[in-house]
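Here is input32.pdb, consisting of PDB, C-alpha atoms and all ligand atoms:
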ATOM      1  CA  MET A1343     116.956  98.912 103.903  1.00  0.00           C
ATOM      2  CA  THR A1344     114.792  97.354 106.596  1.00  0.00           C
ATOM      3  CA  ARG A1345     111.636  99.511 106.653  1.00  0.00           C
ATOM      4  CA  LYS A1346     109.831 101.256 103.862  1.00  0.00           C
ATOM      5  CA  ASN A1347     110.908 104.840 103.224  1.00  0.00           C
ATOM      6  CA  ALA A1348     108.217 107.243 101.951  1.00  0.00           C
ATOM      7  CA  ASN A1349     110.459 108.395  99.088  1.00  0.00           C
ATOM      8  CA  GLN A1350     111.436 104.905  98.099  1.00  0.00           C
ATOM      9  CA  LEU A1351     109.672 102.944  95.362  1.00  0.00           C
ATOM     10  CA  VAL A1352     109.447  99.289  96.344  1.00  0.00           C
ATOM     11  CA  VAL A1353     108.967  96.798  93.508  1.00  0.00           C
ATOM     12  CA  ALA A1354     108.167  93.174  94.381  1.00  0.00           C
ATOM     13  CA  LEU A1355     109.141  90.438  91.920  1.00  0.00           C
ATOM     14  CA  ASN A1356     107.844  86.882  91.541  1.00  0.00           C
ATOM     15  CA  LYS A1357     110.732  84.479  92.259  1.00  0.00           C
ATOM     16  CA  GLY A1358     111.016  81.173  90.410  1.00  0.00           C
ATOM     17  CA  ARG A1359     109.917  80.627  86.832  1.00  0.00           C
ATOM     18  CA  PRO A1360     109.117  84.270  85.802  1.00  0.00           C
ATOM     19  CA  LEU A1361     112.100  85.926  87.540  1.00  0.00           C
ATOM     20  CA  THR A1362     114.650  85.982  84.680  1.00  0.00           C
ATOM     21  CA  ALA A1363     112.184  87.588  82.253  1.00  0.00           C
ATOM     22  CA  LEU A1364     111.054  90.116  84.883  1.00  0.00           C
ATOM     23  CA  LEU A1365     114.628  91.156  85.675  1.00  0.00           C
ATOM     24  CA  LYS A1366     115.341  91.597  81.973  1.00  0.00           C
ATOM     25  CA  VAL A1367     112.354  93.882  81.448  1.00  0.00           C
ATOM     26  CA  LEU A1368     113.291  95.928  84.533  1.00  0.00           C
ATOM     27  CA  ARG A1369     116.896  96.235  83.318  1.00  0.00           C
ATOM     28  CA  GLU A1370     115.585  97.529  79.981  1.00  0.00           C
ATOM     29  CA  ALA A1371     113.530 100.050  81.966  1.00  0.00           C
ATOM     30  CA  GLY A1372     116.753 101.278  83.632  1.00  0.00           C
ATOM     31  CA  ILE A1373     116.548  99.360  86.914  1.00  0.00           C
ATOM     32  CA  ALA A1374     119.264  96.801  87.655  1.00  0.00           C
ATOM     33  CA  PRO A1375     119.679  95.134  91.067  1.00  0.00           C
ATOM     34  CA  SER A1376     122.988  95.611  92.904  1.00  0.00           C
ATOM     35  CA  GLU A1377     123.561  91.845  92.731  1.00  0.00           C
ATOM     36  CA  SER A1378     121.790  89.001  90.991  1.00  0.00           C
ATOM     37  CA  PRO A1379     118.623  87.891  92.849  1.00  0.00           C
ATOM     38  CA  GLU A1380     118.949  84.615  90.951  1.00  0.00           C
ATOM     39  CA  SER A1381     122.141  83.651  92.773  1.00  0.00           C
ATOM     40  CA  SER A1382     121.904  85.634  96.031  1.00  0.00           C
ATOM     41  CA  ARG A1383     120.069  84.507  99.182  1.00  0.00           C
ATOM     42  CA  LYS A1384     119.101  88.119  99.914  1.00  0.00           C
ATOM     43  CA  LEU A1385     115.443  89.131  99.711  1.00  0.00           C
ATOM     44  CA  VAL A1386     115.822  92.925  99.401  1.00  0.00           C
ATOM     45  CA  PHE A1387     118.000  94.469  96.703  1.00  0.00           C
ATOM     46  CA  PRO A1388     119.104  98.064  96.193  1.00  0.00           C
ATOM     47  CA  THR A1389     119.243  98.962  92.497  1.00  0.00           C
ATOM     48  CA  SER A1390     121.042 101.203  90.032  1.00  0.00           C
ATOM     49  CA  ARG A1391     118.394 103.788  90.984  1.00  0.00           C
ATOM     50  CA  SER A1392     118.798 105.059  94.538  1.00  0.00           C
ATOM     51  CA  ASP A1393     115.004 105.538  94.875  1.00  0.00           C
ATOM     52  CA  VAL A1394     114.060 101.990  93.812  1.00  0.00           C
ATOM     53  CA  SER A1395     114.516  98.735  95.704  1.00  0.00           C
ATOM     54  CA  LEU A1396     113.419  95.221  94.807  1.00  0.00           C
ATOM     55  CA  LEU A1397     111.851  92.463  96.905  1.00  0.00           C
ATOM     56  CA  VAL A1398     111.989  88.900  95.585  1.00  0.00           C
ATOM     57  CA  LEU A1399     109.064  86.792  96.833  1.00  0.00           C
ATOM     58  CA  ARG A1400     106.702  83.955  95.983  1.00  0.00           C
ATOM     59  CA  GLY A1401     103.980  85.101  93.573  1.00  0.00           C
ATOM     60  CA  GLY A1402     101.169  85.039  96.158  1.00  0.00           C
ATOM     61  CA  ASP A1403     103.316  87.039  98.568  1.00  0.00           C
ATOM     62  CA  VAL A1404     104.004  89.654  95.865  1.00  0.00           C
ATOM     63  CA  ALA A1405     100.220  90.232  95.734  1.00  0.00           C
ATOM     64  CA  THR A1406     100.019  90.402  99.561  1.00  0.00           C
ATOM     65  CA  TYR A1407     102.847  92.968  99.839  1.00  0.00           C
ATOM     66  CA  VAL A1408     101.234  95.131  97.133  1.00  0.00           C
ATOM     67  CA  GLU A1409      97.724  94.722  98.605  1.00  0.00           C
ATOM     68  CA  HIS A1410      99.053  96.047 101.953  1.00  0.00           C
ATOM     69  CA  GLY A1411     101.030  98.865 100.312  1.00  0.00           C
ATOM     70  CA  ILE A1412     104.407  97.609 101.569  1.00  0.00           C
ATOM     71  CA  ALA A1413     105.433  97.153  97.944  1.00  0.00           C
ATOM     72  CA  ASP A1414     104.169  99.858  95.573  1.00  0.00           C
ATOM     73  CA  VAL A1415     104.457  97.789  92.410  1.00  0.00           C
ATOM     74  CA  GLY A1416     104.391  94.027  91.832  1.00  0.00           C
ATOM     75  CA  LEU A1417     105.438  91.962  88.831  1.00  0.00           C
ATOM     76  CA  LEU A1418     103.990  88.460  89.046  1.00  0.00           C
ATOM     77  CA  GLY A1419     102.355  85.594  87.186  1.00  0.00           C
ATOM     78  CA  LYS A1420      98.619  85.758  86.529  1.00  0.00           C
ATOM     79  CA  ASP A1421      98.368  82.324  88.204  1.00  0.00           C
ATOM     80  CA  SER A1422      99.239  83.969  91.537  1.00  0.00           C
ATOM     81  CA  LEU A1423      96.819  86.856  90.945  1.00  0.00           C
ATOM     82  CA  LEU A1424      93.962  84.466  90.206  1.00  0.00           C
ATOM     83  CA  GLU A1425      94.499  82.966  93.651  1.00  0.00           C
ATOM     84  CA  PHE A1426      94.545  86.411  95.243  1.00  0.00           C
ATOM     85  CA  PRO A1427      91.720  88.597  93.950  1.00  0.00           C
ATOM     86  CA  GLY A1428      92.574  91.679  96.098  1.00  0.00           C
ATOM     87  CA  GLN A1429      90.739  95.000  96.313  1.00  0.00           C
ATOM     88  CA  ASP A1430      93.630  97.389  96.889  1.00  0.00           C
ATOM     89  CA  TYR A1431      95.627  97.089  93.702  1.00  0.00           C
ATOM     90  CA  TYR A1432      95.177  97.862  90.013  1.00  0.00           C
ATOM     91  CA  GLU A1433      96.310  95.371  87.364  1.00  0.00           C
ATOM     92  CA  LEU A1434      97.822  97.832  84.878  1.00  0.00           C
ATOM     93  CA  LEU A1435      99.828  95.798  82.377  1.00  0.00           C
ATOM     94  CA  ASP A1436      99.959  92.388  80.772  1.00  0.00           C
ATOM     95  CA  LEU A1437     103.696  91.995  80.130  1.00  0.00           C
ATOM     96  CA  GLY A1438     103.143  89.031  77.810  1.00  0.00           C
ATOM     97  CA  LEU A1439     106.182  87.385  79.457  1.00  0.00           C
ATOM     98  CA  ALA A1440     106.630  84.022  81.164  1.00  0.00           C
ATOM     99  CA  ARG A1441     103.704  82.643  79.193  1.00  0.00           C
ATOM    100  CA  CYS A1442     102.278  79.260  80.152  1.00  0.00           C
ATOM    101  CA  ARG A1443      98.845  77.697  80.657  1.00  0.00           C
ATOM    102  CA  LEU A1444      96.913  76.664  83.720  1.00  0.00           C
ATOM    103  CA  MET A1445      95.471  73.286  82.709  1.00  0.00           C
ATOM    104  CA  VAL A1446      93.329  70.487  83.993  1.00  0.00           C
ATOM    105  CA  ALA A1447      95.328  67.302  83.439  1.00  0.00           C
ATOM    106  CA  GLY A1448      94.764  63.629  84.072  1.00  0.00           C
ATOM    107  CA  LEU A1449      96.167  60.194  83.304  1.00  0.00           C
ATOM    108  CA  VAL A1450      96.457  59.337  79.608  1.00  0.00           C
ATOM    109  CA  ASP A1451      94.692  56.019  80.304  1.00  0.00           C
ATOM    110  CA  GLU A1452      92.213  57.255  82.913  1.00  0.00           C
ATOM    111  CA  GLY A1453      88.944  55.333  83.263  1.00  0.00           C
ATOM    112  CA  PRO A1454      85.490  56.887  83.587  1.00  0.00           C
ATOM    113  CA  LEU A1455      85.457  59.719  86.122  1.00  0.00           C
ATOM    114  CA  PRO A1456      83.307  59.464  89.274  1.00  0.00           C
ATOM    115  CA  ARG A1457      80.324  61.856  89.552  1.00  0.00           C
ATOM    116  CA  ARG A1458      82.193  63.817  92.231  1.00  0.00           C
ATOM    117  CA  ILE A1459      85.806  64.173  91.122  1.00  0.00           C
ATOM    118  CA  ARG A1460      88.871  64.752  93.272  1.00  0.00           C
ATOM    119  CA  VAL A1461      91.221  67.450  91.976  1.00  0.00           C
ATOM    120  CA  ALA A1462      94.698  68.024  93.429  1.00  0.00           C
ATOM    121  CA  THR A1463      96.192  71.496  93.036  1.00  0.00           C
ATOM    122  CA  LYS A1464      97.962  74.358  94.731  1.00  0.00           C
ATOM    123  CA  PHE A1465      95.555  76.736  92.926  1.00  0.00           C
ATOM    124  CA  VAL A1466      92.685  76.012  95.314  1.00  0.00           C
ATOM    125  CA  GLU A1467      90.611  79.194  94.851  1.00  0.00           C
ATOM    126  CA  THR A1468      90.976  79.104  91.078  1.00  0.00           C
ATOM    127  CA  ALA A1469      89.985  75.414  91.010  1.00  0.00           C
ATOM    128  CA  LYS A1470      86.887  76.055  93.154  1.00  0.00           C
ATOM    129  CA  ARG A1471      85.768  78.898  90.869  1.00  0.00           C
ATOM    130  CA  TYR A1472      86.485  76.839  87.742  1.00  0.00           C
ATOM    131  CA  TYR A1473      84.376  73.835  88.779  1.00  0.00           C
ATOM    132  CA  ALA A1474      81.626  76.005  90.296  1.00  0.00           C
ATOM    133  CA  ALA A1475      81.307  77.839  86.952  1.00  0.00           C
ATOM    134  CA  LEU A1476      81.058  74.494  85.158  1.00  0.00           C
ATOM    135  CA  GLY A1477      78.517  73.193  87.678  1.00  0.00           C
ATOM    136  CA  VAL A1478      80.748  70.162  88.302  1.00  0.00           C
ATOM    137  CA  GLN A1479      81.020  68.707  91.815  1.00  0.00           C
ATOM    138  CA  ALA A1480      84.688  68.563  92.771  1.00  0.00           C
ATOM    139  CA  ASP A1481      86.598  67.939  95.987  1.00  0.00           C
ATOM    140  CA  ILE A1482      89.714  70.097  95.867  1.00  0.00           C
ATOM    141  CA  ILE A1483      92.811  68.597  97.519  1.00  0.00           C
ATOM    142  CA  LYS A1484      95.498  71.161  98.360  1.00  0.00           C
ATOM    143  CA  LEU A1485      99.091  70.227  97.501  1.00  0.00           C
ATOM    144  CA  SER A1486     102.217  72.386  97.544  1.00  0.00           C
ATOM    145  CA  GLY A1487     104.052  70.837  94.599  1.00  0.00           C
ATOM    146  CA  ALA A1488     104.581  67.694  92.506  1.00  0.00           C
ATOM    147  CA  MET A1489     100.878  67.730  91.586  1.00  0.00           C
ATOM    148  CA  GLU A1490     101.557  65.237  88.770  1.00  0.00           C
ATOM    149  CA  LEU A1491     102.061  62.506  91.357  1.00  0.00           C
ATOM    150  CA  ALA A1492      98.487  62.700  92.679  1.00  0.00           C
ATOM    151  CA  PRO A1493      96.644  60.891  89.841  1.00  0.00           C
ATOM    152  CA  VAL A1494      99.534  58.428  89.445  1.00  0.00           C
ATOM    153  CA  MET A1495      99.255  57.389  93.112  1.00  0.00           C
ATOM    154  CA  GLY A1496      95.445  57.557  93.225  1.00  0.00           C
ATOM    155  CA  LEU A1497      95.211  60.623  95.479  1.00  0.00           C
ATOM    156  CA  SER A1498      93.097  62.452  92.884  1.00  0.00           C
ATOM    157  CA  ASP A1499      91.344  61.936  89.547  1.00  0.00           C
ATOM    158  CA  ARG A1500      92.653  65.134  88.004  1.00  0.00           C
ATOM    159  CA  ILE A1501      95.094  67.965  88.722  1.00  0.00           C
ATOM    160  CA  ILE A1502      95.123  71.672  87.920  1.00  0.00           C
ATOM    161  CA  ASP A1503      98.659  72.877  87.302  1.00  0.00           C
ATOM    162  CA  ILE A1504     100.939  75.076  85.224  1.00  0.00           C
ATOM    163  CA  VAL A1505     101.942  73.591  81.878  1.00  0.00           C
ATOM    164  CA  GLU A1506     104.741  75.203  79.898  1.00  0.00           C
ATOM    165  CA  THR A1507     106.463  72.651  77.652  1.00  0.00           C
ATOM    166  CA  GLY A1508     104.229  69.746  78.726  1.00  0.00           C
ATOM    167  CA  ASN A1509     107.321  67.636  79.498  1.00  0.00           C
ATOM    168  CA  THR A1510     106.404  67.073  83.170  1.00  0.00           C
ATOM    169  CA  LEU A1511     102.959  65.748  82.221  1.00  0.00           C
ATOM    170  CA  VAL A1512     104.406  63.387  79.602  1.00  0.00           C
ATOM    171  CA  ALA A1513     107.121  62.137  81.969  1.00  0.00           C
ATOM    172  CA  ASN A1514     104.405  61.088  84.434  1.00  0.00           C
ATOM    173  CA  GLY A1515     101.907  59.503  82.030  1.00  0.00           C
ATOM    174  CA  LEU A1516      99.525  62.484  82.118  1.00  0.00           C
ATOM    175  CA  GLU A1517      98.000  64.648  79.404  1.00  0.00           C
ATOM    176  CA  PRO A1518      96.259  68.030  79.339  1.00  0.00           C
ATOM    177  CA  LYS A1519      92.462  67.706  79.373  1.00  0.00           C
ATOM    178  CA  ASP A1520      91.106  71.288  79.545  1.00  0.00           C
ATOM    179  CA  LEU A1521      92.426  74.857  79.596  1.00  0.00           C
ATOM    180  CA  VAL A1522      91.625  76.813  82.755  1.00  0.00           C
ATOM    181  CA  GLU A1523      93.411  80.069  81.812  1.00  0.00           C
ATOM    182  CA  ASP A1524      96.278  81.411  79.710  1.00  0.00           C
ATOM    183  CA  ILE A1525      98.938  82.785  82.046  1.00  0.00           C
ATOM    184  CA  SER A1526     101.478  85.594  81.621  1.00  0.00           C
ATOM    185  CA  ALA A1527     103.278  88.071  83.883  1.00  0.00           C
ATOM    186  CA  ARG A1528     101.290  91.126  85.039  1.00  0.00           C
ATOM    187  CA  LEU A1529     102.163  94.476  86.597  1.00  0.00           C
ATOM    188  CA  ILE A1530     100.072  95.502  89.608  1.00  0.00           C
ATOM    189  CA  VAL A1531     100.150  98.754  91.585  1.00  0.00           C
ATOM    190  CA  ASN A1532      98.881  99.513  95.079  1.00  0.00           C
ATOM    191  CA  LYS A1533      95.926 101.915  94.737  1.00  0.00           C
ATOM    192  CA  SER A1534      97.098 104.393  97.335  1.00  0.00           C
ATOM    193  CA  SER A1535     100.724 104.370  96.040  1.00  0.00           C
ATOM    194  CA  TYR A1536      99.332 105.094  92.582  1.00  0.00           C
ATOM    195  CA  LYS A1537      97.953 108.365  93.976  1.00  0.00           C
ATOM    196  CA  THR A1538     100.797 109.387  96.286  1.00  0.00           C
ATOM    197  CA  LYS A1539     103.678 108.369  93.956  1.00  0.00           C
ATOM    198  CA  HIS A1540     101.836 108.841  90.671  1.00  0.00           C
ATOM    199  CA  SER A1541     104.613 110.452  88.681  1.00  0.00           C
ATOM    200  CA  VAL A1542     107.382 107.972  89.512  1.00  0.00           C
ATOM    201  CA  ILE A1543     105.058 104.983  89.089  1.00  0.00           C
ATOM    202  CA  SER A1544     103.627 106.117  85.763  1.00  0.00           C
ATOM    203  CA  ASP A1545     107.172 106.773  84.475  1.00  0.00           C
ATOM    204  CA  LEU A1546     108.110 103.220  85.470  1.00  0.00           C
ATOM    205  CA  VAL A1547     104.961 101.758  83.889  1.00  0.00           C
ATOM    206  CA  LYS A1548     105.663 103.671  80.642  1.00  0.00           C
ATOM    207  CA  ALA A1549     109.301 102.498  80.586  1.00  0.00           C
ATOM    208  CA  ILE A1550     108.227  98.873  81.113  1.00  0.00           C
ATOM    209  CA  GLU A1551     105.498  99.229  78.492  1.00  0.00           C
ATOM    210  CA  SER A1552     108.055 100.514  75.944  1.00  0.00           C
ATOM    211  CA  SER A1553     110.449  97.708  76.753  1.00  0.00           C
ATOM    212  CA  VAL A1554     107.669  95.134  76.246  1.00  0.00           C
ATOM    213  CA  ALA A1555     106.568  96.834  72.994  1.00  0.00           C
ATOM    214  CA  ARG A1556     110.169  96.841  71.671  1.00  0.00           C
ATOM    215  CA  ARG A1557     110.459  93.141  72.436  1.00  0.00           C
ATOM    216  CA  ASP A1558     107.092  92.373  70.784  1.00  0.00           C
ATOM    217  CA  GLY A1559     108.156  94.429  67.763  1.00  0.00           C
ATOM    218  CA  ALA A1560     111.462  92.570  67.534  1.00  0.00           C
ATOM    219  CA  SER A1561     109.828  89.137  67.773  1.00  0.00           C
ATOM    220  CA  GLY A1562     106.807  89.977  65.553  1.00  0.00           C
TER     221      GLY A1562
HETATM  222  C1  LIG B   1     105.735  73.827  87.229  1.00  0.00           C
HETATM  223  C2  LIG B   1     104.491  72.985  87.273  1.00  0.00           C
HETATM  224  C3  LIG B   1     104.889  71.702  86.597  1.00  0.00           C
HETATM  225  C4  LIG B   1     105.987  72.139  85.646  1.00  0.00           C
HETATM  226  C5  LIG B   1     105.445  72.234  84.253  1.00  0.00           C
HETATM  227  O1  LIG B   1     106.497  73.592  88.349  1.00  0.00           O
HETATM  228  O2  LIG B   1     104.034  72.790  88.600  1.00  0.00           O
HETATM  229  O3  LIG B   1     105.384  70.761  87.527  1.00  0.00           O
HETATM  230  O4  LIG B   1     106.422  73.428  86.053  1.00  0.00           O
HETATM  231  O5  LIG B   1     106.429  72.649  83.321  1.00  0.00           O
HETATM  232  P1  LIG B   1     106.589  71.914  81.938  1.00  0.00           P
HETATM  233  O6  LIG B   1     105.232  71.879  81.274  1.00  0.00           O
HETATM  234  O7  LIG B   1     107.570  72.755  81.155  1.00  0.00           O
HETATM  235  O8  LIG B   1     107.123  70.535  82.196  1.00  0.00           O
HETATM  236  P2  LIG B   1     107.770  74.511  88.672  1.00  0.00           P
HETATM  237  O9  LIG B   1     108.994  73.877  88.106  1.00  0.00           O
HETATM  238  O10 LIG B   1     107.512  75.917  88.235  1.00  0.00           O
HETATM  239  O11 LIG B   1     107.863  74.406  90.234  1.00  0.00           O
HETATM  240  P3  LIG B   1     106.740  74.539  91.336  1.00  0.00           P
HETATM  241  O12 LIG B   1     106.267  73.133  91.605  1.00  0.00           O
HETATM  242  O13 LIG B   1     107.459  75.149  92.497  1.00  0.00           O
HETATM  243  O14 LIG B   1     105.636  75.412  90.819  1.00  0.00           O
END
Rewrite the structure from the file as structure tokens, please.
Ligand code: PRP
Amino acid sequence: MTRKNANQLVVALNKGRPLTALLKVLREAGIAPSESPESSRKLVFPTSRSDVSLLVLRGGDVATYVEHGIADVGLLGKDSLLEFPGQDYYELLDLGLARCRLMVAGLVDEGPLPRRIRVATKFVETAKRYYAALGVQADIIKLSGAMELAPVMGLSDRIIDIVETGNTLVANGLEPKDLVEDISARLIVNKSSYKTKHSVISDLVKAIESSVARRDGASG
């Protein structure tokens, strides 16, 4: 498949950390990719359903593809959605999967903070909103990864980053300071697709909802 077919449902998935859990929930909803996106270099995958194909993308790009209606449905981390507050999609489900926290972190032995702090992060929009809401003056420094290095090397006073186990913070002499937001995987749907493909999309949403409810029931 190279271009979108009007009868085809395109589902975009967040690669990286959430991918395994997202594939599992889709499999339970009756959609299995033709080969494993976790080991293949492909980006588009036919599935066990001839009318459904999968795209595997970075979280922010999942939101962009859904916003533009190229993907009908997106499954992605809330951290990516916070950075991409679009107008053309609905956030329909909290899957409760791939849970982690978006935290402010800093050095365990940090000294007094300057009046205007420097914060390194890849979550630039979220960081701006967070400090604006607090009324704290902050210079946001955009990084693409390895945020933990910034306070260690003196690039920033604090970071805003994903914390799951906390091991990466500890390994670099950092500690969590404040919670920005609890994060989990979400299901989003393009607004126009939700009208034109309502039946197939609501069936998929219901199947995913049941799979999530079964899992919650089993673990609760
Ligand atoms: C994330 C995050 C931290 C780490 C936290 O990076 O940026 O570095 O995981 O996890 P922990 O609390 O369990 O140690 P990830 O490995 O997802 O890669 P990324 O830098 O591409 O986001």
Given all atoms listed in the file as the basis, pick out the residue of A:Asp1558, A:Asp1503, A:Glu1377, A:Asp1393 nearest to Leu1491 (chain A).
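Of A:Asp1558, A:Asp1503, A:Glu1377, A:Asp1393, the one nearest Leu1491 (chain A) is A:Asp1503, counting all atoms listed in the file.
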Resolved residues for the PyMOL selection byres (((chain A and resi 1450) around 7) and not hetatm) as a list in words:
Gly1448, Leu1449, Asp1451, Glu1452, Gly1515, Leu1516 and Glu1517 of chain A
Please, which residues have at least one atom within 7 Å of an atom of ligand LIG 1 (chain B), using only C-alpha atoms and all ligand atoms, listed as a count of residues only?
15
For a test of reading the model, state the distance in Å between CA of Tyr1432 (chain A) and CA of Tyr1536 (chain A), rounded to one decimal.
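CA of Tyr1536 (chain A) lies 8.7 Å from CA of Tyr1432 (chain A).
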Can you find the residues with an atom no farther than 12 Å from (111.1, 83.1, 96.9), counting only C-alpha atoms, and report them as a list in words?
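Returned residue set, sorted by chain then number, is Ala1354, Leu1355, Asn1356, Lys1357, Gly1358, Arg1359, Pro1360, Leu1361, Pro1379, Glu1380, Ser1381, Ser1382, Arg1383, Lys1384, Leu1385, Val1386, Leu1397, Val1398, Leu1399, Arg1400, Gly1401, Gly1402, Asp1403, Val1404 and Leu1418 of chain A.
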Looking at all atoms listed in the file, which of A:Val1353, A:Val1522, A:Lys1470, A:Leu1437 is the one that sits closest to Asp1414 (chain A)?
A:Val1353
Using only C-alpha atoms, which of the listed residues (A:Cys1442, A:Leu1434, A:Ala1413, A:Ala1549) sits closest to Ser1535 (chain A)?
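Closest residue, counting only C-alpha atoms: A:Ala1413.
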Which residue, A:Val1367, A:Ile1412, A:Leu1351, A:Asp1524, has the smallest gap to His1540 (chain A) when you use only C-alpha atoms?
A:Leu1351
Hey, could you pull the box centre and edge lengths for region 1473-1485 of chain A, axis-aligned, 4 Å padding per side, all listed atoms, to one decimal in Å, as AutoDock Vina command-line options?
--center_x 88.8 --center_y 72.9 --center_z 91.8 --size_x 28.6 --size_y 17.9 --size_z 21.2
Find the residues near Gly1453 (chain A): any atom within 12 Å, counting all atoms listed in the file, skip ones fewer than 5 places away on the same chain, and give them as a PyMOL selection string.
chain A and resi 1448+1493+1499-1500
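The interatomic distance for the pair CA of Glu1523 (chain A) and CA of Leu1424 (chain A) works out to 9.5 Å.
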Residues within 10 Å of Leu1435 (chain A), please, as a ChimeraX atom specification. Count only C-alpha atoms; anything in the same chain fewer than 5 positions from it doesn't count.
/A:1417,1527-1531,1547-1548,1550-1551,1554
Rank nothing, just name the residue among A:Ala1513, A:Leu1497, A:Val1394, A:Leu1364 nearest to Val1352 (chain A), using only C-alpha atoms.
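When distances to Val1352 (chain A) are compared using only C-alpha atoms, the smallest one comes from A:Val1394.
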Test item: residues at most 7 Å from region 1477-1486 of chain A, all atoms listed in the file, excluding those fewer than 5 positions along its chain, as a VMD selection string:
chain A and resid 1458 to 1464 1466
